[in-house]
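One file, query_16.tsv, carrying TSV, C-alpha atoms:
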chain	number	residue	atom	x	y	z
A	1362	MET	CA	82.88	119.23	177.72
A	1363	LYS	CA	80.77	120.94	180.29
A	1364	THR	CA	79.49	124.26	181.55
A	1365	LYS	CA	78.19	124.82	185.02
A	1366	LYS	CA	76.03	127.57	186.51
A	1367	LYS	CA	77.20	128.28	190.04
A	1368	PRO	CA	74.91	129.39	192.89
A	1369	VAL	CA	75.13	132.98	194.13
A	1370	ARG	CA	76.96	133.34	197.44
A	1371	VAL	CA	77.22	136.19	199.93
A	1372	PHE	CA	79.84	138.67	198.74
A	1373	SER	CA	82.51	139.04	201.43
A	1374	PHE	CA	85.70	141.07	201.57
A	1375	PHE	CA	87.62	137.86	200.96
A	1376	ALA	CA	85.52	137.23	197.88
A	1377	TYR	CA	86.29	140.76	196.72
A	1378	LEU	CA	90.02	140.11	197.00
A	1379	LEU	CA	89.59	136.86	195.13
A	1380	PHE	CA	87.62	138.64	192.43
A	1381	ALA	CA	90.26	141.36	192.13
A	1382	PHE	CA	92.97	138.73	191.79
A	1383	SER	CA	91.02	136.77	189.21
A	1384	SER	CA	90.55	139.96	187.19
A	1385	CYS	CA	94.30	140.00	186.71
A	1386	LEU	CA	93.89	136.63	184.98
A	1387	SER	CA	91.23	137.84	182.55
A	1388	SER	CA	93.60	137.23	179.68
A	1389	TYR	CA	92.88	133.52	180.19
A	1390	GLY	CA	89.30	134.15	179.05
A	1391	ILE	CA	88.22	134.44	175.44
A	1392	GLN	CA	88.55	138.01	174.17
A	1393	SER	CA	88.00	137.39	170.48
A	1394	ILE	CA	88.22	134.52	168.00
A	1395	SER	CA	90.86	134.47	165.28
A	1396	SER	CA	89.47	131.44	163.40
A	1397	ASP	CA	86.14	130.96	161.62
A	1398	TYR	CA	84.77	128.61	164.30
A	1399	GLY	CA	84.02	129.16	167.97
A	1400	VAL	CA	82.69	127.18	170.94
A	1401	LEU	CA	81.36	129.54	173.62
A	1402	ILE	CA	79.06	127.31	175.65
A	1403	GLY	CA	80.33	128.75	178.93
A	1404	ALA	CA	79.63	132.35	177.95
A	1405	ALA	CA	76.54	134.27	179.00
A	1406	PRO	CA	74.58	135.87	176.13
A	1407	ARG	CA	76.06	139.38	176.45
A	1408	GLN	CA	79.60	138.07	176.79
A	1409	ALA	CA	79.19	135.73	173.82
A	1410	LEU	CA	77.78	138.51	171.64
A	1411	ASP	CA	80.63	140.85	172.65
A	1412	ILE	CA	83.18	138.18	171.67
A	1413	LEU	CA	81.46	137.56	168.35
A	1414	LEU	CA	81.22	141.27	167.58
A	1415	ALA	CA	84.97	141.53	168.18
A	1416	SER	CA	85.67	138.57	165.89
A	1417	GLU	CA	85.55	139.28	162.17
A	1418	LYS	CA	86.17	135.77	160.85
A	1419	VAL	CA	83.62	133.67	162.77
A	1420	SER	CA	81.02	132.00	160.56
A	1421	THR	CA	80.04	129.10	162.85
A	1422	VAL	CA	79.55	129.17	166.62
A	1423	VAL	CA	78.33	126.76	169.28
A	1424	LEU	CA	76.32	128.35	172.10
A	1425	GLU	CA	74.41	127.26	175.19
A	1426	LEU	CA	71.11	128.75	174.01
A	1427	GLU	CA	69.04	128.18	177.13
A	1428	ASP	CA	69.49	131.81	178.27
A	1429	PHE	CA	69.54	133.38	174.79
A	1430	SER	CA	66.57	135.14	173.26
A	1431	SER	CA	65.50	134.72	169.65
A	1432	GLU	CA	66.51	138.35	169.09
A	1433	GLN	CA	70.06	137.68	170.27
A	1434	ILE	CA	70.36	134.67	167.98
A	1435	ASP	CA	69.04	136.80	165.14
A	1436	LEU	CA	71.91	139.24	165.74
A	1437	CYS	CA	74.30	136.38	164.99
A	1438	HIS	CA	72.39	135.55	161.82
A	1439	LYS	CA	72.59	139.15	160.65
A	1440	ARG	CA	76.38	138.89	160.89
A	1441	GLY	CA	76.31	135.73	158.80
A	1442	ILE	CA	77.04	133.44	161.74
A	1443	GLU	CA	75.59	129.93	161.82
A	1444	VAL	CA	74.49	129.02	165.36
A	1445	PHE	CA	74.61	125.49	166.75
A	1446	ALA	CA	72.75	124.79	169.99
A	1447	TYR	CA	74.52	122.73	172.64
A	1448	MET	CA	72.67	119.66	173.96
A	1449	SER	CA	74.05	116.96	176.24
A	1450	VAL	CA	72.47	113.72	175.08
A	1451	GLY	CA	74.50	111.18	177.07
A	1452	SER	CA	74.86	112.88	180.43
A	1453	LEU	CA	72.88	114.85	183.01
A	1454	GLU	CA	74.15	117.85	184.99
A	1455	ASP	CA	72.75	118.57	188.43
A	1456	TRP	CA	72.07	122.26	187.71
A	1457	ARG	CA	69.76	121.64	184.75
A	1458	TYR	CA	66.08	122.39	185.39
A	1459	TRP	CA	65.24	118.85	184.23
A	1460	TYR	CA	67.67	117.12	186.61
A	1461	ASP	CA	65.06	115.99	189.16
A	1462	ASP	CA	62.89	114.50	186.41
A	1463	PHE	CA	65.63	112.26	185.03
A	1464	SER	CA	68.23	111.71	187.76
A	1465	PHE	CA	66.84	108.21	188.36
A	1466	LEU	CA	68.29	107.22	184.97
A	1467	CYS	CA	71.89	108.10	185.88
A	1468	PHE	CA	74.24	105.16	186.32
A	1469	LYS	CA	77.80	106.46	186.68
A	1470	LYS	CA	79.73	109.57	187.73
A	1471	TYR	CA	81.47	111.59	185.03
A	1472	ASP	CA	85.22	111.80	185.63
A	1473	ASN	CA	86.66	115.29	186.26
A	1474	TRP	CA	83.27	117.04	186.15
A	1475	GLU	CA	81.58	117.38	189.53
A	1476	GLY	CA	77.79	117.19	189.43
A	1477	GLU	CA	77.60	115.42	186.06
A	1478	LEU	CA	76.56	111.82	185.50
A	1479	TRP	CA	76.18	109.43	182.57
A	1480	ILE	CA	72.56	108.72	181.71
A	1481	ASP	CA	70.76	105.68	180.32
A	1482	VAL	CA	69.81	106.85	176.83
A	1483	ARG	CA	67.73	103.72	176.23
A	1484	ASN	CA	64.89	105.21	178.25
A	1485	ARG	CA	62.07	106.46	176.03
A	1486	LEU	CA	61.18	109.31	178.37
A	1487	TRP	CA	64.71	110.69	178.03
A	1488	GLN	CA	64.70	110.27	174.26
A	1489	ASP	CA	61.36	112.04	173.94
A	1490	PHE	CA	62.55	114.89	176.17
A	1491	ILE	CA	65.66	115.43	174.05
A	1492	VAL	CA	63.82	115.30	170.71
A	1493	GLU	CA	60.36	116.68	171.48
A	1494	VAL	CA	61.02	119.17	174.27
A	1495	LEU	CA	64.61	120.41	174.44
A	1496	ALA	CA	65.40	120.32	170.71
A	1497	LYS	CA	62.06	121.97	169.92
A	1498	GLU	CA	62.78	124.80	172.36
A	1499	LEU	CA	66.22	125.43	170.80
A	1500	TYR	CA	64.93	125.11	167.24
A	1501	ASN	CA	62.15	127.62	167.91
A	1502	LYS	CA	64.73	130.09	169.19
A	1503	GLY	CA	66.46	130.00	165.81
A	1504	ALA	CA	69.19	127.37	166.09
A	1505	ASP	CA	70.69	126.39	162.74
A	1506	GLY	CA	71.83	123.04	164.07
A	1507	PHE	CA	72.40	120.90	167.15
A	1508	PHE	CA	75.75	120.29	168.84
A	1509	LEU	CA	75.27	116.91	170.51
A	1510	ASP	CA	77.55	116.12	173.41
A	1511	ASN	CA	78.44	113.02	175.41
A	1512	PHE	CA	77.81	110.32	172.83
A	1513	ASP	CA	80.80	108.82	174.64
A	1514	VAL	CA	78.18	107.23	176.90
A	1515	TYR	CA	78.33	104.48	174.27
A	1516	TYR	CA	82.00	103.87	175.10
A	1517	GLN	CA	81.22	103.82	178.82
A	1518	VAL	CA	78.80	100.95	178.23
A	1519	LYS	CA	81.02	99.23	175.65
A	1520	MET	CA	83.70	98.84	178.32
A	1521	GLU	CA	81.28	96.64	180.32
A	1522	LYS	CA	81.62	93.92	177.63
A	1523	ASP	CA	77.86	93.33	177.53
A	1524	SER	CA	77.09	93.01	173.83
A	1525	GLN	CA	73.30	93.23	174.18
A	1526	LYS	CA	73.47	96.35	176.34
A	1527	THR	CA	76.05	97.93	174.03
A	1528	LYS	CA	73.85	97.31	170.99
A	1529	ALA	CA	70.83	98.78	172.80
A	1530	PHE	CA	72.75	101.98	173.62
A	1531	PHE	CA	73.97	102.25	170.03
A	1532	LEU	CA	70.46	101.88	168.64
A	1533	ALA	CA	69.09	104.40	171.14
A	1534	LEU	CA	71.66	107.05	170.16
A	1535	LYS	CA	71.11	106.34	166.48
A	1536	ASP	CA	67.35	106.67	166.96
A	1537	ILE	CA	67.78	110.06	168.63
A	1538	LEU	CA	69.86	111.18	165.64
A	1539	LEU	CA	67.25	109.87	163.21
A	1540	ARG	CA	64.41	111.63	164.99
A	1541	LEU	CA	66.30	114.93	165.20
A	1542	ASN	CA	67.02	114.77	161.47
A	1543	GLU	CA	63.46	113.83	160.54
A	1544	THR	CA	61.76	116.30	162.89
A	1545	TYR	CA	63.85	119.42	162.37
A	1546	GLY	CA	65.87	118.87	159.20
A	1547	ILE	CA	68.85	120.84	160.49
A	1548	LYS	CA	72.52	119.93	160.88
A	1549	CYS	CA	73.83	117.75	163.71
A	1550	ILE	CA	77.39	117.93	165.03
A	1551	ILE	CA	78.54	115.17	167.37
A	1552	ASN	CA	81.14	116.19	169.93
A	1553	GLY	CA	83.59	113.36	170.52
A	1554	GLY	CA	81.89	109.97	170.49
A	1555	ASP	CA	84.55	108.36	168.31
A	1556	GLU	CA	83.47	104.80	169.22
A	1557	PHE	CA	79.86	105.55	168.29
A	1558	VAL	CA	80.77	107.43	165.12
A	1559	THR	CA	83.14	104.65	164.00
A	1560	ASP	CA	80.39	102.05	164.34
A	1561	LEU	CA	77.80	104.33	162.74
A	1562	ILE	CA	79.79	105.10	159.59
A	1563	SER	CA	80.45	101.40	159.12
A	1564	GLU	CA	76.73	101.05	158.36
A	1565	GLU	CA	75.59	101.83	154.85
A	1566	ASN	CA	73.91	105.26	154.44
A	1567	SER	CA	74.14	106.10	158.16
A	1568	SER	CA	76.87	108.75	157.90
A	1569	SER	CA	74.31	111.14	156.38
A	1570	LEU	CA	72.80	111.53	159.86
A	1571	ILE	CA	75.84	113.56	160.93
A	1572	TYR	CA	76.85	116.89	159.42
A	1573	ALA	CA	80.13	117.10	161.32
A	1574	VAL	CA	82.22	115.72	164.15
A	1575	ASN	CA	83.83	118.02	166.70
A	1576	GLN	CA	86.85	116.35	168.25
A	1577	GLU	CA	88.55	117.70	171.34
A	1578	SER	CA	92.24	117.46	172.20
A	1579	VAL	CA	93.74	116.07	169.01
A	1580	PHE	CA	96.90	118.20	169.21
A	1581	THR	CA	96.69	119.46	172.80
A	1582	ARG	CA	95.91	117.77	176.11
A	1583	ILE	CA	94.60	118.82	179.50
A	1584	VAL	CA	97.27	118.60	182.18
A	1585	SER	CA	95.14	119.99	185.03
A	1586	TYR	CA	91.38	120.49	184.99
A	1587	GLN	CA	91.54	122.61	188.14
A	1588	ARG	CA	94.26	125.00	186.98
A	1589	ASN	CA	93.56	125.13	183.23
A	1590	LEU	CA	97.00	123.78	182.35
A	1591	PHE	CA	97.55	122.43	178.84
A	1592	ALA	CA	100.35	120.87	176.81
A	1593	SER	CA	100.95	119.22	173.45
A	1594	GLN	CA	99.08	115.97	172.95
A	1595	THR	CA	101.02	112.69	172.98
A	1596	LYS	CA	102.09	111.33	169.60
A	1597	GLU	CA	100.03	108.18	170.16
A	1598	GLU	CA	96.78	110.08	170.81
A	1599	THR	CA	97.36	112.44	167.90
A	1600	ALA	CA	98.06	109.51	165.57
A	1601	TYR	CA	94.88	107.73	166.69
A	1602	PHE	CA	92.63	110.76	166.24
A	1603	THR	CA	94.09	111.95	162.93
A	1604	GLU	CA	93.62	108.47	161.47
A	1605	TYR	CA	90.07	108.33	162.84
A	1606	LEU	CA	89.22	111.80	161.51
A	1607	ASP	CA	90.58	110.84	158.10
A	1608	ARG	CA	88.02	108.03	158.00
A	1609	VAL	CA	85.33	110.46	159.13
A	1610	LYS	CA	86.17	112.87	156.30
A	1611	LYS	CA	86.17	110.06	153.74
A	1612	SER	CA	82.62	109.26	154.88
A	1613	GLY	CA	81.54	112.75	153.85
A	1614	ILE	CA	81.39	114.13	157.39
A	1615	LYS	CA	83.02	117.48	158.14
A	1616	VAL	CA	85.58	117.85	160.91
A	1617	PHE	CA	85.89	120.56	163.56
A	1618	LEU	CA	88.49	120.62	166.33
A	1619	LEU	CA	88.34	122.07	169.82
A	1620	GLU	CA	91.80	122.49	171.30
A	1621	TYR	CA	92.95	124.00	174.60
A	1622	ALA	CA	96.00	126.24	174.92
A	1623	ARG	CA	96.80	129.58	176.48
A	1624	GLU	CA	100.58	129.95	176.15
A	1625	GLU	CA	101.49	131.78	172.97
A	1626	ASP	CA	103.93	129.14	171.67
A	1627	LEU	CA	101.44	126.31	172.13
A	1628	VAL	CA	98.63	128.35	170.56
A	1629	LYS	CA	100.74	129.18	167.51
A	1630	LYS	CA	101.97	125.59	167.13
A	1631	THR	CA	98.40	124.27	167.39
A	1632	GLU	CA	97.06	126.77	164.85
A	1633	GLU	CA	99.73	125.75	162.35
A	1634	VAL	CA	99.14	122.02	162.65
A	1635	CYS	CA	95.34	122.40	162.47
A	1636	ARG	CA	95.67	124.40	159.26
A	1637	SER	CA	98.13	121.90	157.81
A	1638	TYR	CA	95.46	119.20	158.14
A	1639	GLY	CA	92.76	121.45	156.71
A	1640	TYR	CA	90.62	121.27	159.85
A	1641	ARG	CA	88.30	124.02	161.03
A	1642	PHE	CA	89.28	124.67	164.62
A	1643	PHE	CA	88.84	126.70	167.77
A	1644	ILE	CA	91.52	127.09	170.46
A	1645	SER	CA	90.22	127.98	173.91
A	1646	PRO	CA	92.43	129.36	176.70
A	1647	SER	CA	90.23	127.74	179.35
A	1648	LEU	CA	87.95	124.75	179.92
A	1649	ASP	CA	85.12	127.12	180.83
A	1650	LEU	CA	84.75	128.04	177.14
A	1651	LYS	CA	83.99	131.66	177.91

Could you take the file, read its structure, and then write that structure out as structure tokens?
Amino acid sequence: MKTKKKPVRVFSFFAYLLFAFSSCLSSYGIQSISSDYGVLIGAAPRQALDILLASEKVSTVVLELEDFSSEQIDLCHKRGIEVFAYMSVGSLEDWRYWYDDFSFLCFKKYDNWEGELWIDVRNRLWQDFIVEVLAKELYNKGADGFFLDNFDVYYQVKMEKDSQKTKAFFLALKDILLRLNETYGIKCIINGGDEFVTDLISEENSSSLIYAVNQESVFTRIVSYQRNLFASQTKEETAYFTEYLDRVKKSGIKVFLLEYAREEDLVKKTEEVCRSYGYRFFISPSLDLK
């Protein structure tokens, strides 16, 4: 999952034509939310608030709060909406204001997302920045919880078959979770990170560190990142994730799903299967999440 702020370019006639054409595709963007959960980390504050105002059922939303004011977050609270603040713990994006300070810790490119790299979470400077600087900023703005992304960095290291390194990454991620819980006392949702979550819930009393897991692409899959093309997920992947999420639920952790679909038949089919499993879910028509 990723959002990216793009640099401003000179507006040419060609760009105007491109803009006019893209306007015809506006239906691929999020207009309103029909479920009680939404993930709008690609939306600017005004756009996100417009979507939420047009959505009567939403009670939980994930936002990229960097550009939001406390007053805008308070508007969500007045509508009874719980706001989770997006934070990427296991990766670094090159447009973040803190990129230059921590780019030396990056060790591997992130597939399918240009300008994003996996980061070494063992570094204390990075851990302190996440917990003491970034989380504090988002908490002070009024976040009700943290939406923690890219715990899959643990899987990236696990594939190297270095047991000592893998254990060190696990302990680092767990320590970040512990510190967030102890410092702020608000809910933490982990996006993805099934390898980390599986190992965490196998430890006694550790599952209490996580309020919920948000799992992407359980019933749908991404066919093309460039063209926002989606299809039904393979039976094998769905079977793996539904079994995994059943174990998560039995550990007392809530489950949210983020699915991708824009064709009406696929949207309807995905809504039905999500409800049949009792999952809270959000279906986005685009990877931009806006």

Selected residue, from A:Leu1478, A:Leu1486, A:Ser1637, A:Ser1612, that lies nearest to Ile1562 in chain A when counting only C-alpha atoms: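 Ranking A:Leu1478, A:Leu1486, A:Ser1637, A:Ser1612 by distance to Ile1562 in chain A, first place goes to A:Ser1612.
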
Computed interatomic separation between CA of Phe1490 in chain A and CA of Ile1537 in chain A (Å): 10.4 Å

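Proximity to Leu1499 in chain A was assessed for A:Thr1527, A:Asn1589, A:Thr1603, A:Ser1430 counting all atoms listed in the file; the smallest distance is recorded for A:Ser1430.
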
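In this structure, CA of Tyr1500 in chain A sits 21.1 Å away from CA of Tyr1460 in chain A.
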
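CA of Phe1507 in chain A sits 20.2 Å away from CA of Asp1481 in chain A.
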
Long-range neighbours of range 1539-1543 of chain A as a PyMOL selection string, 12 Å cut-off, all atoms listed in the file, 5 positions minimum in chain: chain A and resi 1448+1450+1488-1497+1499-1500+1506-1509+1532-1534+1548-1550+1561+1566-1572

Mind working out the centre and edge lengths of an axis-aligned box for range 1481-1488 of chain A, all listed atoms inside, 4 Å added to each side, rounded to one decimal in Å and written as AutoDock Vina command-line options?
--center_x 66.0 --center_y 107.2 --center_z 177.3 --size_x 17.6 --size_y 15.0 --size_z 14.1

Top pick for closest residue to Phe1465 in chain A, considering A:Phe1445, A:Phe1591, A:Trp1487, A:Tyr1516 and counting only C-alpha atoms: A:Trp1487

Residue nearest Phe1463 in chain A - candidates A:Asn1484, A:Asn1575, A:Gln1433, A:Ser1524, atoms counted: all atoms listed in the file: A:Asn1484

Given all atoms listed in the file as the counted atoms, nearest of A:Glu1477, A:Trp1459, A:Ser1396, A:Thr1595 to Glu1632 in chain A: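 For Glu1632 in chain A, the nearest of the given residues is A:Ser1396.
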
Residue nearest Asp1397 in chain A among A:Glu1417, A:Asp1411, A:Asp1505, A:Glu1521 (counting only C-alpha atoms): A:Glu1417

Protein/DNA/RNA residues near (83.0, 133.5, 170.9), cut 6 Å, all atoms listed in the file, as a ChimeraX atom specification: /A:1399,1401,1409,1412-1413

Contacts of Tyr1515 in chain A within 9 Å, only C-alpha atoms, excl. fewer than 4 positions in-chain, as a list in words: Gly1451, Asn1511, Lys1519, Met1520, Thr1527, Phe1530, Phe1531, Leu1534, Gly1554, Glu1556 and Phe1557 of chain A

Tyr1638 in chain A surroundings by only C-alpha atoms, 12 Å radius, close-in-sequence under 5 positions cut, as a PyMOL selection string: chain A and resi 1579-1580+1603-1604+1606-1607+1610+1616-1618+1631-1633

Residue contacts of Asp1649 in chain A (6 Å, all atoms listed in the file) excluding same-chain residues fewer than 2 positions away, as a ChimeraX atom specification: /A:1403,1647,1651

Next, the residues of the selection above should be written as a CSV table (one decimal), in the frame of the given file with C-alpha atoms.
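File written: again30.csv
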chain,number,residue,atom,x,y,z
A,1403,GLY,CA,80.3,128.8,178.9
A,1647,SER,CA,90.2,127.7,179.4
A,1651,LYS,CA,84.0,131.7,177.9
